[in-house]
Amino acid sequence: MNGPWLVMCDVDGVQTWLLRSVHLREIAGASQLLVDHDDEMPKVAVGGQALFSGGGSALVRFDHRAQAERLQRELPSSLQRRTVDATVTVSEPQGVGTGPFGDAVARAVRDVEQKKRLGRLHGETADACFALRCQGCASEPVVAEGQVRINNEPRLLGAGCLARHKARSRAGWLDWMRIRPGWQGIGPAHLPADATELSGGGKLALVLADVNGVGERLASLQTEESYKVFSEGLTRAVHKALVEAVADVVTPREDDGWKLAVEVLYAGGDDVLLACRDDLALRLVRKLVTEFGSRASGDSNHWCGGVPLGISAAVAVVGPKFPFRAAHAIAGRLLRHAKRVARQERWTEGAVDWAVVTEAWAEGGPILSDRSIESSSLALELTGRPYRASAAGLRSLGSFQEACSKLATEFPRNKLFDLRGLCSASQLAPRASGAATRRAVDEARQDLSARVLDLVGRLQRNPDAARRWTEAISALGLDPQKPFWNVEAEWRTPVGDLAEGIGLWGLS
Ligand SMILES: [Zn+2]
């Protein structure tokens with residue numbers, strides 16, 4: 001096979017690496033280190049041209065195989081100098097030859113994936129016992145210069161966390177916001193010191209988003225030029241959508257005490273990870289998905305080749321002391337589920353899910369399984385989630401927002417929490433969990449239906465509340481007397497989502 005030669009590199013477990021520390025400051029700093037690494041790529045890839053570079057991933061093109069091999073040798077140590085403890089997997093050089101460009105890209109991606117699988121066989125977990133462990137990540141020894149103050153508390157850090165800690169003093173993603181009015185004077189001083197400050201005393205939301213179907217699209221590209229156009233267009237669209245989403249929910253103020261309620265932790269290629277105050281989460285996500293959609297469809301966006309792309313998102317709402325790693329694992333699980341649903345339902349815009357995490361349900365699996373009662377031929381889905389990432393239509397995020405806004409005033413909030421309590425598999429049919437029969441599913445549905453109508457029926461003495469209920473349920477495209485969507489072998493009700501929605505849309 002002849003040149004040009006392609007080398008794909010990808011920082012290992014990048015989001016897990018970012019979230020290794022428990023401190024927000026070091027997570028954000030780690031993100032900055034990755035940006036530095038991306039910026040340094042042209043210096044390390046001598047004789048090469050980065051066709052794509054972002055978030056610790058890159059695809060670099062070389063004329064000669066020897067140059068490609070040099071990057072392969074030198075990139076791991078260059079990354080380690082920057083980050084202390086991040087590792088990167090680099091593919092074997094792949095010749096493009098005369099075949100389609102996408103084939104060579106797909107080979108490089110497969111090679112990276114295979115190497116990562118092999119690497120794990122050797123077991124890379126750090127399990128050594130240190131006399132004094134880093135108070136950021138608990139998995140490295142403390143270094144002498146690692147004494148820092150985090151929110152006025154003394155902390156001892158290891159080399160890895162210290163590098164992250166120092167990197168936070170640079171502006172990073174705030175530089176992207178400069179194109180928006182009011183953001184020119186916003187700098188590192190306005191970044192929150194920790195998760196408690198970020199959440200403003202309430203809860204915080206970890207938002208994870210990912211563009212749908214990028215891998216298939218990249219593999220289908222025929223030429224190097226089309227790869228460059230696509231990956232540049234994709235990165236720009238994600239980046240701009242992110243800027244618009246943050247600007248939509250944050251009004252910057254330059255006074256000293258003011259702190260941002262959003263922190264972008266990672267934005268590379270088609271992935272985004274950010275933390276924000278919980279009452280900003282759904283508005284931010286809605287803006288992100290719609291802004292991305294408008295930049296990834298239509299005739300004016302040539303980069304996506306006339307085939308629209310969508311982005312899916314998942315939100316884990318947690319207390320400020322809840323470990324980022326655990327919240328990220330939950331959001332990741334929800335995101336994979338949302339993307340699967342978007343594919344099944346052919347929602348090109350993508351899908352959006354969230355979970356308010358309580359101590360009792362602190363894992364993705366139980367959160368998802370508590371949402372449905374299923375037999376082999378009939379299912380009762382106790383939520384509308386994931387919602388379609390569109391502004392209007394059945395099961396859309398837009399209609400859900402409208403329904404929540406109808407109930408934000410004049411409707412007793414405790415009734416909404418009662419509804420949410422009803423919409424839980426473990427409450428409704430504790431014995432049906434696992435393998436239910438069709439009859440048990442149908443009975444659970446009738447039971448839920450009767451309880452919902454009973455609860456709403458008691459609102460009749462309060463005409464404003466009754467009217468609000470009718471408006472909200474109609475906004476969801478449902479009959480107020482039958483608060484279910486009936487889709488073939490599935491009953492689905494969104495009424496339990498409303499209580500959480502009011503808070504997450506910032507309506508309370
Ligand atoms: Zn550490």
# chains A, B, ... in the order shown; residues from 1 in each chain; ligands from 1
>>> residues_around(residues="range 14-23 of chain A", least_positions_apart="2", cutoff="6 Å", atoms="only C-alpha atoms", output="list in words")
Val11, Asp12, Arg25, Glu26, Ile27, Ala30, Gly136, Cys137 and Arg325 of chain A
>>> write_last_selection(atoms="C-alpha atoms", output="PDB file, in the first residue's frame")
ATOM      1  CA  VAL A  11      -6.006   9.682  24.315  1.00  0.00           C
ATOM      2  CA  ASP A  12      -7.072   6.633  26.314  1.00  0.00           C
ATOM      3  CA  ARG A  25     -10.769  22.778  39.368  1.00  0.00           C
ATOM      4  CA  GLU A  26      -8.546  19.862  38.381  1.00  0.00           C
ATOM      5  CA  ILE A  27     -11.156  18.448  36.007  1.00  0.00           C
ATOM      6  CA  ALA A  30      -7.207  18.597  32.748  1.00  0.00           C
ATOM      7  CA  GLY A 136      -7.639  14.733  44.188  1.00  0.00           C
ATOM      8  CA  CYS A 137      -7.666  11.265  42.674  1.00  0.00           C
ATOM      9  CA  ARG A 325     -17.076   9.934  37.920  1.00  0.00           C
TER      10      ARG A 325
END
>>> residues_near_ligand(ligand="ligand 1", cutoff="7 Å", atoms="only C-alpha atoms and all ligand atoms", output="list of chain:residue names")
A:Ser21, A:Cys134, A:Gln135, A:Gly136, A:Cys137, A:Ala138, A:Ser139, A:Glu140, A:Leu157, A:Gly158, A:Ala159, A:Gly160, A:Cys161
>>> write_last_selection(atoms="C-alpha atoms", output="PDB file, in the first residue's frame")
ATOM      1  CA  SER A  21      -9.920  14.040  40.319  1.00  0.00           C
ATOM      2  CA  CYS A 134      -3.235  12.424  46.333  1.00  0.00           C
ATOM      3  CA  GLN A 135      -6.380  14.066  47.675  1.00  0.00           C
ATOM      4  CA  GLY A 136      -7.639  14.733  44.188  1.00  0.00           C
ATOM      5  CA  CYS A 137      -7.666  11.265  42.674  1.00  0.00           C
ATOM      6  CA  ALA A 138      -6.466   8.901  45.446  1.00  0.00           C
ATOM      7  CA  SER A 139      -4.404   6.975  42.903  1.00  0.00           C
ATOM      8  CA  GLU A 140      -0.970   8.622  42.916  1.00  0.00           C
ATOM      9  CA  LEU A 157      -1.830  16.594  45.387  1.00  0.00           C
ATOM     10  CA  GLY A 158       0.201  14.204  43.263  1.00  0.00           C
ATOM     11  CA  ALA A 159       2.076  15.210  40.122  1.00  0.00           C
ATOM     12  CA  GLY A 160      -0.837  14.453  37.791  1.00  0.00           C
ATOM     13  CA  CYS A 161      -3.417  16.448  39.702  1.00  0.00           C
TER      14      CYS A 161
END
>>> select_by_dssp(residues="range 92-257 of chain A", states="helix (DSSP H, G or I)", output="JSON, numbers by chain")
{"A": [101, 102, 103, 104, 105, 106, 107, 108, 109, 110, 111, 112, 113, 114, 115, 116, 117, 118, 119, 120, 121, 159, 160, 161, 162, 163, 164, 165, 166, 167, 172, 173, 174, 175, 176, 177, 178, 179, 188, 189, 190, 195, 196, 197, 198, 199, 214, 215, 216, 217, 218, 219, 224, 225, 226, 227, 228, 229, 230, 231, 232, 233, 234, 235, 236, 237, 238, 239, 240, 241, 242, 243, 244, 245, 246, 247, 248, 249]}
>>> residues_around(residues="Gly319 in chain A", least_positions_apart="3", cutoff="7 Å", atoms="only C-alpha atoms", output="PyMOL selection string")
chain A and resi 203-204+322
>>> write_last_selection(atoms="C-alpha atoms", output="short mmCIF file (atom, residue, chain, number, x, y, z; two decimals), in the first residue's frame")
data_model
loop_
_atom_site.label_atom_id
_atom_site.label_comp_id
_atom_site.auth_asym_id
_atom_site.auth_seq_id
_atom_site.Cartn_x
_atom_site.Cartn_y
_atom_site.Cartn_z
CA LYS A 203 -27.91 20.58 42.61
CA LEU A 204 -25.71 20.38 39.59
CA PHE A 322 -21.74 13.38 44.37
#
>>> closest_residue(among="A:Val243, A:Ala391, A:Val317, A:Ala379", to="Gly501 in chain A", atoms="only C-alpha atoms")
A:Val317
>>> residues_around(residues="Leu334 in chain A", least_positions_apart="2", cutoff="8 Å", atoms="only C-alpha atoms", output="PyMOL selection string")
chain A and resi 314-315+330-332+336-338+353-354+364+368
>>> residues_around(residues="Leu206 in chain A", least_positions_apart="6", cutoff="12 Å", atoms="only C-alpha atoms", output="PyMOL selection string")
chain A and resi 19+24+195+198-199+261-266+272-282+284-285+313-320+322-332+334-335+353-357
>>> residues_around(residues="Thr196 in chain A", least_positions_apart="5", cutoff="8 Å", atoms="only C-alpha atoms", output="PyMOL selection string")
chain A and resi 201-202+320-321
>>> write_last_selection(atoms="C-alpha atoms", output="PDB file, in the first residue's frame")
ATOM      1  CA  GLY A 201     -26.123  25.808  46.756  1.00  0.00           C
ATOM      2  CA  GLY A 202     -28.531  23.541  44.851  1.00  0.00           C
ATOM      3  CA  PRO A 320     -22.610  18.848  44.583  1.00  0.00           C
ATOM      4  CA  LYS A 321     -20.811  16.234  46.686  1.00  0.00           C
TER       5      LYS A 321
END
>>> residues_around(residues="Gly213 in chain A", least_positions_apart="2", cutoff="10 Å", atoms="only C-alpha atoms", output="JSON, numbers by chain")
{"A": [210, 211, 215, 216, 217, 218, 309, 310, 311, 339, 343, 348]}
>>> closest_residue(among="A:Gly269, A:Gly13, A:Pro463, A:Pro494", to="Leu59 in chain A", atoms="only C-alpha atoms")
A:Gly269
>>> closest_residue(among="A:Arg236, A:Thr290, A:Arg333, A:Pro141", to="Leu208 in chain A", atoms="only C-alpha atoms")
A:Arg333
